[in-house]
Amino acid sequence: MTQSRPKAQDGVVNDGGKGAASPPLIDRTDLGLAIIILVVCGYLYWVTTGFDKVADLFAQDVPPEFFPRLLIWTIVVLTLGLPFEHLFLRKKGESLDEDRANRINPVVYKTAALMLVIVALIPWLGSTLSMVAAGLTVPILWGERRIKVLIPYAIILPLTVTFVFSYLLGVYFEPGIFGS
Amino acid sequence: MEPVIQGLLLVLDPYNIALIFGGVVIGVIVGALPGLSSPMAVALLLPFTITLDPVPAICMMAALYCAGTFGGSITAILINAPGAPPAAATAIDGYPMAKRGEAGRALGMAAVSSGLGGIFSLVIFLFAAPMLARVALQFRPPEYFALTVFALSMLASISGKSSLRNLIAGAFGVLLGTAGIHLTTGVERFTFGFYEMTDGISFIPVLIGLFALGEMLGQSQSLNVAYERITSIVIKLPSRADFRKVRWTILRSSFIGTFIGILPAEGATVAAIMGYNEAKRWSKHKEEFGHGALEGIAGPEAANNAATGGAMVPTLALGIPGSATTAIILAALIMHGFRPGPYLMLETPHFIYAIFGAMLLANFMFLGIGLGCATLFARITLIPRQLLWPAVFVLSMVGAYSFASSIFDIWVMLFSGMVGFLMKRHGFGPAPLVMGLILGKLVEESLSQSMIMFDSNWFRFFESPIVNGFFLMTVLGLLWPLIKRPFTAKPKKP
């Protein structure tokens, strides 16, 4: 008895109705990821070529670039396996795609941008006022609209943190232009 | 036996008990605050203890050390921001439990495991300190190198689905650890013109960024998802059945932690990694790890607190600090006119036993505080996300900054947070990177020192049976999935 060969459509092999389609050899997302890591490794390797040279006797046979290069090569070798890893994970019934299937929500970019702005303002606003800014703006960005909650929150939280860290533990806080 | 009784009587003085309690409370709070670590708190306490008598002064610091290690687990479980590096492994399973509304159970487990681990290590100290110290004395740079390579190899299975990604993240962590001035030659590496990086990348901002900010960015994506948390479940403590389930994990991790703690320079963080990994290796429910396994909390917590007792052994008996905190305690001993080392054991044995009595008491105290206040701490998870996470951001900023009063560290934290978010999205766990960063310096230093000892002859590593033992365990650990396959494969159906 002969069995007809499963047809291939759009690069995906039909498994004859067994349920799951055979995966491609290379995962495109992981290939992109591997390329990024390899580029970073290449850059870091290039940086190691610029380390100051020291005499062999002084370096005692362990020059400063030796260990970082050893690690970079280790990462390169491991990274070469990344595009094919999904095949092994699939055998175990696991997949990484469910974690990255959805696009990143715009609020993530907005939150990251807001955090960057707040940190950039610390030297100017000072530590305490920057915390007030964070306590006020991040909840608003995240949808908090209750003014009766927001205002006390944005004042009490920074003041408590300042009291504990600056007054009790003696941590130096940036005074900012208003403080000075 | 007389010095033991004398030492314990010293501890039971009401004034000393009050100071030990103060040390425990400060330790729990400081340990829970991201960015403030036990070494920092003990260092801040040092000037204040100079005016005290030596026994209460050192007892208070030792109590703070024990409680601080436990305190780190509170924020690790509640907001995925380990208060201290040894609690990083606890976050892997503690935070998923808190997320599914079982914060009280996770906190209770952490308190009991920490307490039992600490008590176990102190009992071991009383009976076997001289013998254990002798074993630790055998460790030279090659043995440390082999031990750290073994610890790094264990990162493969520490969290997430992918061993390959864990190893890549771990190797990147070690690479980050090479930034700064090279120890042997004084050459600057990977500083990119920032003078703040000449001392290397501080792991506190990286740790806070990867764990807390990375999670915060992830949380921002699910603001519309309503969590239904029932207060009675959130504040529920672990049951007897829970403790029965983890009793062997606690015992095993306590052994591991005590032994690792005794090794100079190996501290609670390495112990916690090994405790977690061994808990997973021996578990019947490996698939639960990373998703909120009780054993994943009991393992690292018992190990990291057992390491505190262990770390005091070489500090007091040999004058070699077992961790950063014990190094400061060693300095305090010298400031109080003591000579740490064999003479301290010989001349004032009651003093040694007083310190260990104080640590024993501290373990019972934080066990009580941990269990008593677990329900209180657990209520933190009931705070709405749009208010809880901005507070975490504020605490993270201050935590990263306060370590060295440097705004540069806040930038490092922020960058780490964004990288952490992307890493998590693509299956790279933040824990291996942090562990790699922490172990990085030790592995390079021990390798350099070994190469100098061996005249660059790699084969001489294999002359030491301890090194061979660790290398063998490394290879077996990495190849274990392949080795076990023939034994665990299901028989094919006919």
# chains A, B, ... in the order shown; residues from 1 in each chain; ligands from 1
>>> interface_residues(of="chain A", to="chain B", cutoff="7 Å", atoms="only C-alpha atoms", output="tab-separated table (two decimals) with C-alpha atoms, in the first residue's frame")
chain	number	residue	atom	x	y	z
A	51	PHE	CA	43.50	47.80	24.87
A	52	ASP	CA	46.90	49.11	25.97
A	58	PHE	CA	54.31	42.27	33.23
A	59	ALA	CA	51.13	40.58	32.01
A	60	GLN	CA	52.43	37.28	33.45
A	61	ASP	CA	51.14	35.38	30.41
A	62	VAL	CA	47.58	36.60	30.97
A	64	PRO	CA	44.23	42.02	29.51
A	67	PHE	CA	39.77	36.68	29.06
A	68	PRO	CA	37.33	39.05	27.29
A	71	LEU	CA	34.27	35.04	26.47
A	75	ILE	CA	29.30	33.77	23.03
A	78	LEU	CA	26.80	29.60	21.46
A	96	LEU	CA	9.49	31.04	22.63
A	99	ASP	CA	6.18	35.43	24.50
A	100	ARG	CA	6.99	37.58	21.48
A	105	ASN	CA	2.56	47.98	23.21
A	107	VAL	CA	2.88	52.40	26.32
A	108	VAL	CA	6.20	50.56	26.81
A	131	MET	CA	10.74	61.68	42.41
A	134	ALA	CA	7.91	60.41	38.57
A	135	GLY	CA	5.16	59.90	41.15
A	138	VAL	CA	4.00	57.71	35.46
A	139	PRO	CA	0.63	56.94	37.11
A	142	TRP	CA	-0.65	54.43	33.10
A	144	GLU	CA	-4.60	56.85	36.97
A	171	VAL	CA	22.67	59.26	51.44
A	172	TYR	CA	23.63	62.47	49.58
>>> residues_around(residues="region 147-151 of chain B", least_positions_apart="5", cutoff="10 Å", atoms="only C-alpha atoms", output="short mmCIF file (atom, residue, chain, number, x, y, z; two decimals) with N, CA, C and O atoms, in the first residue's frame")
data_model
loop_
_atom_site.label_atom_id
_atom_site.label_comp_id
_atom_site.auth_asym_id
_atom_site.auth_seq_id
_atom_site.Cartn_x
_atom_site.Cartn_y
_atom_site.Cartn_z
N PHE B 139 41.54 25.19 49.49
CA PHE B 139 41.18 25.91 48.27
C PHE B 139 42.20 26.98 47.92
O PHE B 139 42.44 27.89 48.68
N PRO B 141 43.68 29.32 44.21
CA PRO B 141 43.03 29.87 43.00
C PRO B 141 42.52 28.83 42.00
O PRO B 141 41.40 28.99 41.49
N PRO B 142 43.28 27.75 41.70
CA PRO B 142 42.72 26.78 40.73
C PRO B 142 41.41 26.17 41.20
O PRO B 142 40.49 25.95 40.40
N ALA B 156 22.97 27.29 33.09
CA ALA B 156 22.24 26.77 31.93
C ALA B 156 20.79 26.44 32.28
O ALA B 156 19.89 26.62 31.47
N ILE B 260 29.50 26.37 51.08
CA ILE B 260 29.90 27.49 50.21
C ILE B 260 30.27 28.71 51.06
O ILE B 260 31.24 29.41 50.77
N GLU B 266 33.54 33.20 48.60
CA GLU B 266 32.30 32.66 48.03
C GLU B 266 31.20 33.01 49.02
O GLU B 266 31.25 32.64 50.17
N VAL B 270 26.46 32.90 45.53
CA VAL B 270 26.84 31.63 44.90
C VAL B 270 26.05 30.49 45.55
O VAL B 270 25.54 29.60 44.87
N ALA B 271 25.94 30.56 46.87
CA ALA B 271 25.20 29.51 47.60
C ALA B 271 23.75 29.46 47.12
O ALA B 271 23.19 28.38 46.91
N ILE B 273 22.53 30.39 44.20
CA ILE B 273 22.46 29.83 42.83
C ILE B 273 22.52 28.32 42.90
O ILE B 273 21.73 27.60 42.27
N MET B 274 23.49 27.83 43.71
CA MET B 274 23.65 26.37 43.80
C MET B 274 22.44 25.74 44.49
O MET B 274 21.98 24.67 44.09
N ASN B 277 19.62 25.63 41.96
CA ASN B 277 19.85 24.65 40.90
C ASN B 277 19.69 23.22 41.40
O ASN B 277 19.11 22.37 40.73
N MET B 435 24.02 36.78 37.51
CA MET B 435 24.92 35.82 38.17
C MET B 435 26.29 35.83 37.50
O MET B 435 27.33 35.75 38.16
N GLY B 436 26.28 35.92 36.17
CA GLY B 436 27.55 35.99 35.43
C GLY B 436 28.34 37.21 35.82
O GLY B 436 29.56 37.15 36.03
N LEU B 439 29.80 36.67 39.32
CA LEU B 439 30.88 35.67 39.37
C LEU B 439 32.06 36.05 38.47
O LEU B 439 33.15 35.50 38.61
N GLY B 440 31.82 37.00 37.54
CA GLY B 440 32.82 37.33 36.52
C GLY B 440 34.19 37.67 37.08
O GLY B 440 35.21 37.13 36.64
N LEU B 442 35.50 37.08 39.99
CA LEU B 442 36.13 35.97 40.71
C LEU B 442 36.71 34.95 39.73
O LEU B 442 37.83 34.46 39.93
N VAL B 443 35.99 34.67 38.66
CA VAL B 443 36.47 33.66 37.72
C VAL B 443 37.72 34.16 37.00
O VAL B 443 38.69 33.40 36.82
N GLU B 444 37.76 35.44 36.64
CA GLU B 444 38.95 35.94 35.94
C GLU B 444 40.15 36.02 36.88
O GLU B 444 41.26 35.65 36.51
N SER B 446 40.72 34.29 39.60
CA SER B 446 41.24 32.97 39.95
C SER B 446 41.94 32.32 38.77
O SER B 446 42.93 31.61 38.94
N LEU B 447 41.45 32.61 37.53
CA LEU B 447 42.12 32.07 36.35
C LEU B 447 43.50 32.71 36.21
O LEU B 447 44.50 31.99 35.99
N ILE B 466 40.45 18.17 43.71
CA ILE B 466 39.25 19.02 43.91
C ILE B 466 38.86 19.67 42.58
O ILE B 466 37.69 19.70 42.21
N VAL B 467 39.90 20.17 41.85
CA VAL B 467 39.63 20.79 40.54
C VAL B 467 39.00 19.76 39.61
O VAL B 467 37.99 20.03 38.95
N GLY B 469 37.33 17.16 40.38
CA GLY B 469 35.96 16.89 40.84
C GLY B 469 34.99 17.94 40.33
O GLY B 469 33.92 17.61 39.80
N PHE B 470 35.36 19.23 40.44
CA PHE B 470 34.47 20.31 39.98
C PHE B 470 34.33 20.28 38.45
O PHE B 470 33.23 20.49 37.93
N PHE B 471 35.45 20.03 37.75
CA PHE B 471 35.37 19.97 36.27
C PHE B 471 34.46 18.82 35.84
O PHE B 471 33.67 18.94 34.90
N LEU B 472 34.60 17.70 36.54
CA LEU B 472 33.77 16.53 36.20
C LEU B 472 32.28 16.86 36.43
O LEU B 472 31.43 16.55 35.57
N MET B 473 32.01 17.54 37.53
CA MET B 473 30.62 17.91 37.82
C MET B 473 30.10 18.91 36.79
O MET B 473 28.93 18.88 36.42
N THR B 474 31.01 19.79 36.31
CA THR B 474 30.62 20.76 35.28
C THR B 474 30.20 20.04 34.00
O THR B 474 29.14 20.30 33.43
N VAL B 475 31.06 19.10 33.57
CA VAL B 475 30.78 18.36 32.33
C VAL B 475 29.50 17.55 32.49
O VAL B 475 28.62 17.56 31.62
N GLY B 477 27.06 18.09 34.54
CA GLY B 477 25.91 19.00 34.64
C GLY B 477 25.45 19.48 33.27
O GLY B 477 24.26 19.52 32.98
N LEU B 478 26.43 19.83 32.40
CA LEU B 478 26.08 20.34 31.07
C LEU B 478 25.52 19.23 30.17
O LEU B 478 24.64 19.46 29.35
#
>>> residues_around(residues="Cys41 (chain A)", least_positions_apart="4", cutoff="10 Å", atoms="only C-alpha atoms", output="PDB file with C-alpha atoms, in the first residue's frame")
ATOM      1  CA  ILE A  35      23.044  38.634  13.796  1.00  0.00           C
ATOM      2  CA  ILE A  36      22.604  41.457  16.340  1.00  0.00           C
ATOM      3  CA  ILE A  37      24.551  39.515  18.987  1.00  0.00           C
ATOM      4  CA  TYR A  45      36.280  42.220  19.853  1.00  0.00           C
ATOM      5  CA  TRP A  46      37.362  45.301  17.922  1.00  0.00           C
ATOM      6  CA  VAL A  47      37.395  47.258  21.208  1.00  0.00           C
ATOM      7  CA  ARG A  69      38.235  37.468  23.938  1.00  0.00           C
ATOM      8  CA  LEU A  71      34.272  35.036  26.472  1.00  0.00           C
ATOM      9  CA  ILE A  72      33.465  36.721  23.152  1.00  0.00           C
ATOM     10  CA  TRP A  73      34.394  33.552  21.256  1.00  0.00           C
ATOM     11  CA  ILE A  75      29.299  33.773  23.032  1.00  0.00           C
ATOM     12  CA  VAL A  76      29.872  33.591  19.252  1.00  0.00           C
TER      13      VAL A  76
ATOM     14  CA  PHE B 172      27.592  38.268  28.605  1.00  0.00           C
TER      15      PHE B 172
END
>>> residues_around(residues="Val206 (chain B)", least_positions_apart="5", cutoff="7 Å", atoms="only C-alpha atoms", output="NGL selection string")
:B and (412-413 or 416)
>>> atom_distance(atom1="CA of Leu207 (chain B)", atom2="CA of Ser38 (chain B)")
15.4 Å
